[in-house]
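Written below as structure tokens is the structure these notes are about.
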Amino acid sequence: EQAAAAQAVLQAMLMGPPTTLPPFPTRTRKPTTPMDPNDPNYVTESIGTTTSTTTLPPPDEAMLRKTMLGRQNIMTNMLKTDAVSEGQDPVDVEGRFAVSMVASAILSGGEDNQLHWDAVHQEPEHDGPMKTAREIEEYMIAWVGSVNTTAFDPDRAKDDFDKAKKK
């Protein structure tokens with residue numbers, strides 16, 4: 001439960017808030033009812049057209065680097081193995097694997113990630129994406145290694161017994 005909640009929170013942080021915009025542009029129909037010219041909301045159609053363009057400044061490398069290193073720090077905290085103990089039930093450990101999928105999002109080859117990682121690579125003191133890859137590997141090994149495959153589950157044992165009995 002906690003792993004699923006953490007995954008949802010982390011995805012919201014990485015992906016941003018959900019949007020209400022439709023996936024494709026839509027247009028509003030022209031009104032069909034005539035308006036009173038004396039109405040203060042009455043607007044005549046403009047003959048000339050004006051266009052405005054907004055250009056964003058190029059992304060600042062320091063800001064891109066700070067953003068990606070912040071994301072990486074979040075992943076580092078998510079991938080801690082402090083709670084790992086030997087002999088855990090496989091069912092209890094299964095939810096932990098979703099965290100590694102979320103953490104791997106910053107390793108994907110998307111254009112945004114590449115832009116951010118390029119900024120990180122400008123300063124050689126940072127490990128870059130290999131740090132996260134190593135942490136994911138250590139996390140998975142720790143949790144998979146903690147599983148006791150001989151853990152007794154009374155419900156599963158009863159089901160296995162009933163199946164064997166029917167044969």
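In the structure tokens, each chain is lettered A, B, ... as it comes, each chain's residues begin at 1, and ligands are numbered from 1 in order of appearance.
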Worksheet entry | Exercise: Leu64 (chain A) partners within 8 Å, only C-alpha atoms, chain neighbours under 6 positions left out, as number ranges by chain | A: 115-116, 119-120
Any chance you could export the current selection's N, CA, C and O atoms as an mmCIF file, in the first residue's frame?
data_model
loop_
_atom_site.group_PDB
_atom_site.id
_atom_site.type_symbol
_atom_site.label_atom_id
_atom_site.label_comp_id
_atom_site.auth_asym_id
_atom_site.auth_seq_id
_atom_site.Cartn_x
_atom_site.Cartn_y
_atom_site.Cartn_z
ATOM 1 N N LEU A 115 17.985 16.531 -22.463
ATOM 2 C CA LEU A 115 18.353 17.937 -22.276
ATOM 3 C C LEU A 115 18.857 18.171 -20.848
ATOM 4 O O LEU A 115 19.899 18.804 -20.640
ATOM 5 N N HIS A 116 18.149 17.622 -19.883
ATOM 6 C CA HIS A 116 18.544 17.777 -18.484
ATOM 7 C C HIS A 116 19.862 17.050 -18.187
ATOM 8 O O HIS A 116 20.730 17.592 -17.506
ATOM 9 N N ALA A 119 22.919 18.828 -19.387
ATOM 10 C CA ALA A 119 23.317 19.906 -18.480
ATOM 11 C C ALA A 119 24.079 19.350 -17.274
ATOM 12 O O ALA A 119 25.049 19.951 -16.813
ATOM 13 N N VAL A 120 23.660 18.186 -16.789
ATOM 14 C CA VAL A 120 24.360 17.563 -15.656
ATOM 15 C C VAL A 120 25.776 17.166 -16.069
ATOM 16 O O VAL A 120 26.731 17.326 -15.311
#
Worksheet entry | For Asp92 (chain A): contacts at 12 Å, only C-alpha atoms, fewer than 2 positions along chain excluded, given as JSON, numbers by chain | {"A": [1, 2, 3, 84, 85, 87, 88, 89, 90, 94, 95, 96, 97, 143, 144, 146, 147, 148, 149, 151, 153]}
Fill in: Near-Ala142 (chain A) list (10 Å; only C-alpha atoms; drop same-chain fewer than 3 positions) as JSON, numbers by chain
{"A": [80, 81, 82, 83, 84, 85, 86, 136, 137, 138, 139, 145, 146, 147]}
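CA of Met140 (chain A) is positioned 28.8 Å from CA of Glu123 (chain A).
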Discussion item. When DSSP is applied to the backbone of this structure, which of region 71-161 of chain A are assigned helix (DSSP H, G or I)? Write them out as an MDAnalysis selection string.
Written reply: chainID A and resid 71:78 90:94 97:107 111:121 129:145 154:161
Discussion item. What's the separation between CA of His121 (chain A) and CA of Ile106 (chain A), in Å to one decimal place?
Written reply: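 Those two atoms sit 14.5 Å apart.
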Response to the item:
Between A:Val91, A:Met63, A:Met78, A:Val9, smallest distance to Arg156 (chain A) by only C-alpha atoms belongs to A:Val91
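With only C-alpha atoms as the atoms that count, the minimum distance from Trp117 (chain A) to the choices A:Pro34, A:Pro129, A:Gly70, A:Pro40 is reached by A:Pro129.
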